[in-house]
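**Student:** File follows, entry.cif with mmCIF, C-alpha atoms:
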```cif
data_input
#
loop_
_atom_site.group_PDB
_atom_site.id
_atom_site.type_symbol
_atom_site.label_atom_id
_atom_site.label_comp_id
_atom_site.auth_asym_id
_atom_site.auth_seq_id
_atom_site.Cartn_x
_atom_site.Cartn_y
_atom_site.Cartn_z
ATOM 1 C CA THR A 2 231.080 239.224 269.830
ATOM 2 C CA ARG A 3 228.957 241.007 272.385
ATOM 3 C CA THR A 4 229.617 240.584 276.035
ATOM 4 C CA ILE A 5 227.659 240.645 279.247
ATOM 5 C CA VAL A 6 227.844 243.988 281.018
ATOM 6 C CA SER A 7 230.315 244.265 283.852
ATOM 7 C CA LEU A 8 229.197 244.414 287.457
ATOM 8 C CA TYR A 9 232.495 246.069 288.453
ATOM 9 C CA THR A 10 232.930 243.862 291.512
ATOM 10 C CA GLN A 11 236.739 243.778 291.460
ATOM 11 C CA PRO A 12 238.993 246.795 290.887
ATOM 12 C CA PRO A 13 241.555 246.363 288.120
ATOM 13 C CA ARG A 14 245.090 245.359 289.096
ATOM 14 C CA GLU A 15 247.036 245.878 285.893
ATOM 15 C CA GLU A 16 249.551 248.642 285.335
ATOM 16 C CA MET A 17 248.917 251.423 282.852
ATOM 17 C CA THR A 18 250.560 254.587 281.627
ATOM 18 C CA LEU A 19 249.482 258.025 282.760
ATOM 19 C CA ASP A 20 248.283 258.748 279.217
ATOM 20 C CA GLU A 21 246.074 255.637 279.248
ATOM 21 C CA PHE A 22 244.727 256.619 282.680
ATOM 22 C CA GLU A 23 243.791 260.079 281.412
ATOM 23 C CA THR A 24 242.331 258.831 278.126
ATOM 24 C CA TYR A 25 240.225 256.199 279.863
ATOM 25 C CA ALA A 26 238.843 258.723 282.349
ATOM 26 C CA VAL A 27 238.082 261.373 279.719
ATOM 27 C CA ASP A 28 236.370 258.879 277.390
ATOM 28 C CA ARG A 29 234.118 257.583 280.152
ATOM 29 C CA LEU A 30 233.339 261.113 281.312
ATOM 30 C CA ILE A 31 232.289 262.023 277.752
ATOM 31 C CA VAL A 32 229.933 259.033 277.740
ATOM 32 C CA LEU A 33 228.471 259.895 281.159
ATOM 33 C CA ARG A 34 228.020 263.574 280.234
ATOM 34 C CA THR A 35 226.277 262.486 277.033
ATOM 35 C CA ILE A 36 223.917 260.328 279.085
ATOM 36 C CA GLU A 37 223.258 263.272 281.425
ATOM 37 C CA ASN A 38 222.488 265.555 278.464
ATOM 38 C CA LEU A 39 220.209 263.009 276.805
ATOM 39 C CA ARG A 40 218.302 262.474 280.049
ATOM 40 C CA ALA A 41 217.971 266.255 280.500
ATOM 41 C CA ARG A 42 216.493 266.486 276.987
ATOM 42 C CA GLY A 43 214.004 263.751 277.846
ATOM 43 C CA VAL A 44 215.493 261.083 275.569
ATOM 44 C CA LYS A 45 214.374 257.844 277.213
ATOM 45 C CA ASN A 46 213.306 255.215 274.724
ATOM 46 C CA GLN A 47 215.890 252.657 273.663
ATOM 47 C CA ARG A 48 215.644 253.455 269.953
ATOM 48 C CA ASP A 49 216.506 257.136 270.505
ATOM 49 C CA LEU A 50 219.220 256.259 273.020
ATOM 50 C CA ARG A 51 220.704 253.794 270.535
ATOM 51 C CA HIS A 52 220.724 256.525 267.876
ATOM 52 C CA HIS A 53 222.415 259.161 270.075
ATOM 53 C CA LEU A 54 224.444 257.127 272.565
ATOM 54 C CA GLY A 55 225.366 254.075 270.490
ATOM 55 C CA PRO A 56 227.960 255.770 268.262
ATOM 56 C CA ILE A 57 229.630 257.466 271.234
ATOM 57 C CA LEU A 58 229.799 254.198 273.170
ATOM 58 C CA ARG A 59 231.237 252.343 270.193
ATOM 59 C CA ALA A 60 233.907 255.034 269.778
ATOM 60 C CA ARG A 61 234.717 255.720 273.440
ATOM 61 C CA LEU A 62 233.830 252.613 275.492
ATOM 62 C CA PRO A 63 233.395 249.568 273.264
ATOM 63 C CA ILE A 64 232.930 246.340 275.217
ATOM 64 C CA ASN A 65 233.197 243.919 272.318
ATOM 65 C CA THR A 66 236.974 243.386 272.652
ATOM 66 C CA ILE A 67 239.288 242.469 275.513
ATOM 67 C CA ALA A 68 240.953 245.897 275.313
ATOM 68 C CA GLY A 69 237.540 247.581 275.281
ATOM 69 C CA ARG A 70 236.339 245.654 278.328
ATOM 70 C CA LYS A 71 239.566 246.546 280.143
ATOM 71 C CA LYS A 72 239.053 250.220 279.294
ATOM 72 C CA ASP A 73 235.438 250.031 280.452
ATOM 73 C CA GLU A 74 236.350 248.477 283.806
ATOM 74 C CA VAL A 75 239.383 250.646 284.499
ATOM 75 C CA SER A 76 237.601 253.865 283.548
ATOM 76 C CA HIS A 77 234.675 252.968 285.805
ATOM 77 C CA PHE A 78 236.972 252.672 288.802
ATOM 78 C CA ILE A 79 238.923 255.845 287.911
ATOM 79 C CA LEU A 80 235.764 257.931 287.876
ATOM 80 C CA ARG A 81 234.309 256.070 290.828
ATOM 81 C CA LEU A 82 237.289 257.267 292.832
ATOM 82 C CA ALA A 83 237.267 260.782 291.363
ATOM 83 C CA TYR A 84 233.544 261.231 292.009
ATOM 84 C CA SER A 85 233.628 260.007 295.604
ATOM 85 C CA ARG A 86 234.713 263.361 297.069
ATOM 86 C CA THR A 87 231.215 264.650 297.865
ATOM 87 C CA GLU A 88 227.716 263.236 298.168
ATOM 88 C CA GLU A 89 226.544 265.324 295.221
ATOM 89 C CA LEU A 90 229.322 263.970 292.985
ATOM 90 C CA ARG A 91 228.605 260.401 294.134
ATOM 91 C CA ARG A 92 224.927 260.772 293.305
ATOM 92 C CA TRP A 93 225.659 262.208 289.875
ATOM 93 C CA PHE A 94 228.098 259.406 289.082
ATOM 94 C CA LEU A 95 225.731 256.717 290.313
ATOM 95 C CA ALA A 96 222.788 258.122 288.319
ATOM 96 C CA GLN A 97 224.770 258.162 285.061
ATOM 97 C CA GLU A 98 226.332 254.744 285.678
ATOM 98 C CA CYS A 99 222.905 253.234 286.392
ATOM 99 C CA ALA A 100 221.591 254.713 283.140
ATOM 100 C CA LEU A 101 224.583 253.301 281.233
ATOM 101 C CA PHE A 102 224.122 249.904 282.862
ATOM 102 C CA LYS A 103 220.421 249.868 282.049
ATOM 103 C CA TYR A 104 221.105 250.880 278.445
ATOM 104 C CA ARG A 105 223.655 248.102 278.019
ATOM 105 C CA LEU A 106 221.334 245.521 279.567
ATOM 106 C CA GLU A 107 218.501 246.514 277.270
ATOM 107 C CA GLU A 108 220.817 246.203 274.255
ATOM 108 C CA LEU A 109 221.480 242.538 275.037
ATOM 109 C CA ALA A 110 219.574 239.900 273.131
ATOM 110 C CA PRO A 111 217.255 237.834 275.387
ATOM 111 C CA GLY A 112 219.574 234.816 275.484
ATOM 112 C CA GLU A 113 222.716 236.847 276.223
ATOM 113 C CA LEU A 114 221.855 237.532 279.842
ATOM 114 C CA GLY A 115 221.824 233.870 280.792
ATOM 115 C CA PRO A 116 222.780 232.933 284.359
ATOM 116 C CA THR A 117 224.056 236.439 285.103
ATOM 117 C CA ILE A 118 220.480 237.534 285.784
ATOM 118 C CA ARG A 119 220.498 235.363 288.909
ATOM 119 C CA ASP A 120 223.440 237.321 290.332
ATOM 120 C CA PRO A 121 222.406 238.921 293.680
ATOM 121 C CA ILE A 122 223.828 242.302 292.632
ATOM 122 C CA LEU A 123 221.689 242.319 289.492
ATOM 123 C CA ALA A 124 218.633 241.182 291.407
ATOM 124 C CA ASP A 125 219.095 244.115 293.779
ATOM 125 C CA PHE A 126 219.570 246.512 290.839
ATOM 126 C CA PHE A 127 216.357 245.379 289.162
ATOM 127 C CA THR A 128 214.472 245.647 292.433
ATOM 128 C CA ARG A 129 215.568 249.265 292.881
ATOM 129 C CA ASN A 130 215.256 250.414 289.263
#
```
Go ahead and render the structure in this file as C-alpha cells.

**Tutor:**
Amino acid sequence: TRTIVSLYTQPPREEMTLDEFETYAVDRLIVLRTIENLRARGVKNQRDLRHHLGPILRARLPINTIAGRKKDEVSHFILRLAYSRTEELRRWFLAQECALFKYRLEELAPGELGPTIRDPILADFFTRN
C-alpha cells in the first residue's frame, strides 16, 4: 500500500541503536545526493526521475511499510539536525528535501492526496514551489 508523504511535523521519539541511526542517515544522504546529481544533470521530468530515483528510493527509503515510514521520518530529522550547522548546509538540505517531497507528491495517484492537500503546510509549499 502506498502512503501519503510525510510533512515531518513531529520529531520521532522512539529509541534506536547507533547502527540504525548511522544506517538511516547514510541511506537518506545517498538519496539526497542522487537527487542533487540528477538535478545537476538536468533530469527533471517525472518519467526520467522515476527511472533513476525510483529504484534507489525503493531500496533506501521505502515508505510503503511501517518500518520504511519510520526510517524515512527518523532519517529526515537526523540529517535536518546534521545539516543545520551553516546556512549553506541548510539550503542544500532544504533544496534536496523539497525535490524529494515534490517527486513523492507527483508519484501519488490523484485520489491518494485526499484531505492532506488542504493542510496549511502543503498549501504554503505549493505556493512557494

**Student:** Find the spatial neighbours of A:Glu23, counting only C-alpha atoms, within a cut-off of 12 Å - ignore same-chain residues fewer than 5 positions away - and output them as number ranges by chain.

**Tutor:** A: 17-18, 28-30, 72, 75-76, 79-80, 83

**Student:** Go through A:Arg34, A:Lys71, A:Arg61, A:Arg51 and flag the residue nearest A:Glu15, using only C-alpha atoms for the distances.

**Tutor:**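 Going through A:Arg34, A:Lys71, A:Arg61, A:Arg51 one by one, the smallest distance to A:Glu15 is for A:Lys71.
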
**Student:** Here's the selection I'm unsure about, the PyMOL selection byres ((chain A and resi 98) around 12); applied to the file above, which residues does it give, as a PDB file with C-alpha atoms, in the coordinates of the input?

**Tutor:**
```pdb
ATOM      1  CA  VAL A   6     227.844 243.988 281.018  1.00  0.00           C
ATOM      2  CA  SER A   7     230.315 244.265 283.852  1.00  0.00           C
ATOM      3  CA  LEU A   8     229.197 244.414 287.457  1.00  0.00           C
ATOM      4  CA  TYR A   9     232.495 246.069 288.453  1.00  0.00           C
ATOM      5  CA  ARG A  29     234.118 257.583 280.152  1.00  0.00           C
ATOM      6  CA  LEU A  30     233.339 261.113 281.312  1.00  0.00           C
ATOM      7  CA  VAL A  32     229.933 259.033 277.740  1.00  0.00           C
ATOM      8  CA  LEU A  33     228.471 259.895 281.159  1.00  0.00           C
ATOM      9  CA  ARG A  34     228.020 263.574 280.234  1.00  0.00           C
ATOM     10  CA  THR A  35     226.277 262.486 277.033  1.00  0.00           C
ATOM     11  CA  ILE A  36     223.917 260.328 279.085  1.00  0.00           C
ATOM     12  CA  GLU A  37     223.258 263.272 281.425  1.00  0.00           C
ATOM     13  CA  ASP A  73     235.438 250.031 280.452  1.00  0.00           C
ATOM     14  CA  GLU A  74     236.350 248.477 283.806  1.00  0.00           C
ATOM     15  CA  SER A  76     237.601 253.865 283.548  1.00  0.00           C
ATOM     16  CA  HIS A  77     234.675 252.968 285.805  1.00  0.00           C
ATOM     17  CA  PHE A  78     236.972 252.672 288.802  1.00  0.00           C
ATOM     18  CA  LEU A  80     235.764 257.931 287.876  1.00  0.00           C
ATOM     19  CA  ARG A  81     234.309 256.070 290.828  1.00  0.00           C
ATOM     20  CA  TYR A  84     233.544 261.231 292.009  1.00  0.00           C
ATOM     21  CA  ARG A  91     228.605 260.401 294.134  1.00  0.00           C
ATOM     22  CA  ARG A  92     224.927 260.772 293.305  1.00  0.00           C
ATOM     23  CA  TRP A  93     225.659 262.208 289.875  1.00  0.00           C
ATOM     24  CA  PHE A  94     228.098 259.406 289.082  1.00  0.00           C
ATOM     25  CA  LEU A  95     225.731 256.717 290.313  1.00  0.00           C
ATOM     26  CA  ALA A  96     222.788 258.122 288.319  1.00  0.00           C
ATOM     27  CA  GLN A  97     224.770 258.162 285.061  1.00  0.00           C
ATOM     28  CA  CYS A  99     222.905 253.234 286.392  1.00  0.00           C
ATOM     29  CA  ALA A 100     221.591 254.713 283.140  1.00  0.00           C
ATOM     30  CA  LEU A 101     224.583 253.301 281.233  1.00  0.00           C
ATOM     31  CA  PHE A 102     224.122 249.904 282.862  1.00  0.00           C
ATOM     32  CA  LYS A 103     220.421 249.868 282.049  1.00  0.00           C
ATOM     33  CA  TYR A 104     221.105 250.880 278.445  1.00  0.00           C
ATOM     34  CA  ARG A 105     223.655 248.102 278.019  1.00  0.00           C
ATOM     35  CA  PHE A 126     219.570 246.512 290.839  1.00  0.00           C
TER      36      PHE A 126
END
```

**Student:** Pick the closest to A:Leu106 from A:Leu19, A:Leu82, A:Glu88, A:Gln47: which is it, counting all atoms listed in the file?

**Tutor:**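 Checking each candidate against A:Leu106, we get A:Gln47 as the closest.
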
**Student:** Any idea what the distance is between atom CA of A:Pro56 and atom CA of A:Leu39?

**Tutor:** 13.6 Å

**Student:** In Å to one decimal, how far is atom CA of A:Glu89 from atom CA of A:Leu54?

**Tutor:**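 Computed distance, atom CA of A:Leu54 to atom CA of A:Glu89, equals 24.2 Å.
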
**Student:** Rank A:Pro63, A:Glu21, A:Ile31, A:Arg48 by their smallest atom-to-atom distance to A:Glu107, using all atoms listed in the file, and report the top residue only.

**Tutor:**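 Closest to A:Glu107, using all atoms listed in the file: A:Arg48.
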
**Student:** Complete stretch 48-59 of chain A with all heavy atoms (output as a PDB file, keeping the file's coordinate frame).

**Tutor:**
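Written file, part-v8.pdb:
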```pdb
ATOM      1  N   ARG A  48     215.332 253.156 271.358  1.00  0.00           N
ATOM      2  CA  ARG A  48     215.644 253.455 269.953  1.00  0.00           C
ATOM      3  C   ARG A  48     216.358 254.796 269.837  1.00  0.00           C
ATOM      4  O   ARG A  48     217.385 254.920 269.167  1.00  0.00           O
ATOM      5  CB  ARG A  48     214.367 253.454 269.114  1.00  0.00           C
ATOM      6  CG  ARG A  48     214.614 253.672 267.623  1.00  0.00           C
ATOM      7  CD  ARG A  48     213.328 253.613 266.812  1.00  0.00           C
ATOM      8  NE  ARG A  48     212.286 254.495 267.299  1.00  0.00           N
ATOM      9  CZ  ARG A  48     212.199 255.794 266.991  1.00  0.00           C
ATOM     10  NH1 ARG A  48     213.083 256.357 266.218  1.00  0.00           N
ATOM     11  NH2 ARG A  48     211.209 256.522 267.459  1.00  0.00           N
ATOM     12  N   ASP A  49     215.865 255.818 270.541  1.00  0.00           N
ATOM     13  CA  ASP A  49     216.506 257.136 270.505  1.00  0.00           C
ATOM     14  C   ASP A  49     217.858 257.117 271.206  1.00  0.00           C
ATOM     15  O   ASP A  49     218.817 257.744 270.759  1.00  0.00           O
ATOM     16  CB  ASP A  49     215.599 258.192 271.140  1.00  0.00           C
ATOM     17  CG  ASP A  49     214.367 258.482 270.296  1.00  0.00           C
ATOM     18  OD1 ASP A  49     214.378 258.165 269.085  1.00  0.00           O
ATOM     19  OD2 ASP A  49     213.389 259.015 270.853  1.00  0.00           O
ATOM     20  N   LEU A  50     217.936 256.388 272.327  1.00  0.00           N
ATOM     21  CA  LEU A  50     219.220 256.259 273.020  1.00  0.00           C
ATOM     22  C   LEU A  50     220.245 255.573 272.122  1.00  0.00           C
ATOM     23  O   LEU A  50     221.401 255.995 272.046  1.00  0.00           O
ATOM     24  CB  LEU A  50     219.052 255.471 274.320  1.00  0.00           C
ATOM     25  CG  LEU A  50     218.436 256.221 275.488  1.00  0.00           C
ATOM     26  CD1 LEU A  50     218.121 255.252 276.622  1.00  0.00           C
ATOM     27  CD2 LEU A  50     219.350 257.328 275.974  1.00  0.00           C
ATOM     28  N   ARG A  51     219.816 254.521 271.443  1.00  0.00           N
ATOM     29  CA  ARG A  51     220.704 253.794 270.535  1.00  0.00           C
ATOM     30  C   ARG A  51     221.224 254.731 269.449  1.00  0.00           C
ATOM     31  O   ARG A  51     222.404 254.706 269.100  1.00  0.00           O
ATOM     32  CB  ARG A  51     219.968 252.605 269.912  1.00  0.00           C
ATOM     33  CG  ARG A  51     220.841 251.675 269.115  1.00  0.00           C
ATOM     34  CD  ARG A  51     220.071 250.469 268.565  1.00  0.00           C
ATOM     35  NE  ARG A  51     219.376 249.724 269.599  1.00  0.00           N
ATOM     36  CZ  ARG A  51     218.053 249.570 269.657  1.00  0.00           C
ATOM     37  NH1 ARG A  51     217.274 250.088 268.721  1.00  0.00           N
ATOM     38  NH2 ARG A  51     217.490 248.882 270.632  1.00  0.00           N
ATOM     39  N   HIS A  52     220.352 255.584 268.938  1.00  0.00           N
ATOM     40  CA  HIS A  52     220.724 256.525 267.876  1.00  0.00           C
ATOM     41  C   HIS A  52     221.760 257.544 268.373  1.00  0.00           C
ATOM     42  O   HIS A  52     222.737 257.831 267.678  1.00  0.00           O
ATOM     43  CB  HIS A  52     219.473 257.244 267.354  1.00  0.00           C
ATOM     44  CG  HIS A  52     219.779 258.310 266.355  1.00  0.00           C
ATOM     45  ND1 HIS A  52     220.151 258.027 265.057  1.00  0.00           N
ATOM     46  CD2 HIS A  52     219.790 259.663 266.477  1.00  0.00           C
ATOM     47  CE1 HIS A  52     220.364 259.171 264.426  1.00  0.00           C
ATOM     48  NE2 HIS A  52     220.151 260.170 265.259  1.00  0.00           N
ATOM     49  N   HIS A  53     221.542 258.101 269.556  1.00  0.00           N
ATOM     50  CA  HIS A  53     222.415 259.161 270.075  1.00  0.00           C
ATOM     51  C   HIS A  53     223.623 258.631 270.851  1.00  0.00           C
ATOM     52  O   HIS A  53     224.727 259.157 270.731  1.00  0.00           O
ATOM     53  CB  HIS A  53     221.621 260.105 270.985  1.00  0.00           C
ATOM     54  CG  HIS A  53     220.560 260.874 270.268  1.00  0.00           C
ATOM     55  ND1 HIS A  53     220.829 261.881 269.387  1.00  0.00           N
ATOM     56  CD2 HIS A  53     219.208 260.760 270.300  1.00  0.00           C
ATOM     57  CE1 HIS A  53     219.699 262.374 268.899  1.00  0.00           C
ATOM     58  NE2 HIS A  53     218.700 261.705 269.440  1.00  0.00           N
ATOM     59  N   LEU A  54     223.400 257.626 271.671  1.00  0.00           N
ATOM     60  CA  LEU A  54     224.444 257.127 272.565  1.00  0.00           C
ATOM     61  C   LEU A  54     225.284 256.014 271.930  1.00  0.00           C
ATOM     62  O   LEU A  54     226.485 255.924 272.193  1.00  0.00           O
ATOM     63  CB  LEU A  54     223.810 256.637 273.873  1.00  0.00           C
ATOM     64  CG  LEU A  54     224.746 256.194 274.980  1.00  0.00           C
ATOM     65  CD1 LEU A  54     225.677 257.326 275.396  1.00  0.00           C
ATOM     66  CD2 LEU A  54     223.926 255.714 276.180  1.00  0.00           C
ATOM     67  N   GLY A  55     224.672 255.206 271.093  1.00  0.00           N
ATOM     68  CA  GLY A  55     225.366 254.075 270.490  1.00  0.00           C
ATOM     69  C   GLY A  55     226.685 254.427 269.816  1.00  0.00           C
ATOM     70  O   GLY A  55     227.720 253.818 270.113  1.00  0.00           O
ATOM     71  N   PRO A  56     226.696 255.428 268.927  1.00  0.00           N
ATOM     72  CA  PRO A  56     227.960 255.770 268.262  1.00  0.00           C
ATOM     73  C   PRO A  56     229.045 256.252 269.237  1.00  0.00           C
ATOM     74  O   PRO A  56     230.221 255.940 269.062  1.00  0.00           O
ATOM     75  CB  PRO A  56     227.568 256.897 267.301  1.00  0.00           C
ATOM     76  CG  PRO A  56     226.102 256.739 267.097  1.00  0.00           C
ATOM     77  CD  PRO A  56     225.562 256.167 268.373  1.00  0.00           C
ATOM     78  N   ILE A  57     228.657 256.966 270.251  1.00  0.00           N
ATOM     79  CA  ILE A  57     229.630 257.466 271.234  1.00  0.00           C
ATOM     80  C   ILE A  57     230.188 256.304 272.047  1.00  0.00           C
ATOM     81  O   ILE A  57     231.398 256.230 272.301  1.00  0.00           O
ATOM     82  CB  ILE A  57     228.985 258.540 272.131  1.00  0.00           C
ATOM     83  CG1 ILE A  57     228.702 259.776 271.285  1.00  0.00           C
ATOM     84  CG2 ILE A  57     229.875 258.883 273.321  1.00  0.00           C
ATOM     85  CD1 ILE A  57     227.821 260.799 271.917  1.00  0.00           C
ATOM     86  N   LEU A  58     229.318 255.374 272.434  1.00  0.00           N
ATOM     87  CA  LEU A  58     229.799 254.198 273.170  1.00  0.00           C
ATOM     88  C   LEU A  58     230.728 253.346 272.319  1.00  0.00           C
ATOM     89  O   LEU A  58     231.756 252.873 272.808  1.00  0.00           O
ATOM     90  CB  LEU A  58     228.618 253.349 273.650  1.00  0.00           C
ATOM     91  CG  LEU A  58     228.011 253.737 274.976  1.00  0.00           C
ATOM     92  CD1 LEU A  58     226.754 252.927 275.241  1.00  0.00           C
ATOM     93  CD2 LEU A  58     229.001 253.560 276.093  1.00  0.00           C
ATOM     94  N   ARG A  59     230.378 253.153 271.066  1.00  0.00           N
ATOM     95  CA  ARG A  59     231.237 252.343 270.193  1.00  0.00           C
ATOM     96  C   ARG A  59     232.605 253.001 270.001  1.00  0.00           C
ATOM     97  O   ARG A  59     233.620 252.315 269.923  1.00  0.00           O
ATOM     98  CB  ARG A  59     230.565 252.090 268.841  1.00  0.00           C
ATOM     99  CG  ARG A  59     229.470 251.032 268.916  1.00  0.00           C
ATOM    100  CD  ARG A  59     228.946 250.652 267.550  1.00  0.00           C
ATOM    101  NE  ARG A  59     228.272 251.732 266.849  1.00  0.00           N
ATOM    102  CZ  ARG A  59     227.011 252.112 267.077  1.00  0.00           C
ATOM    103  NH1 ARG A  59     226.290 251.500 268.001  1.00  0.00           N
ATOM    104  NH2 ARG A  59     226.475 253.096 266.385  1.00  0.00           N
TER     105      ARG A  59
END
```
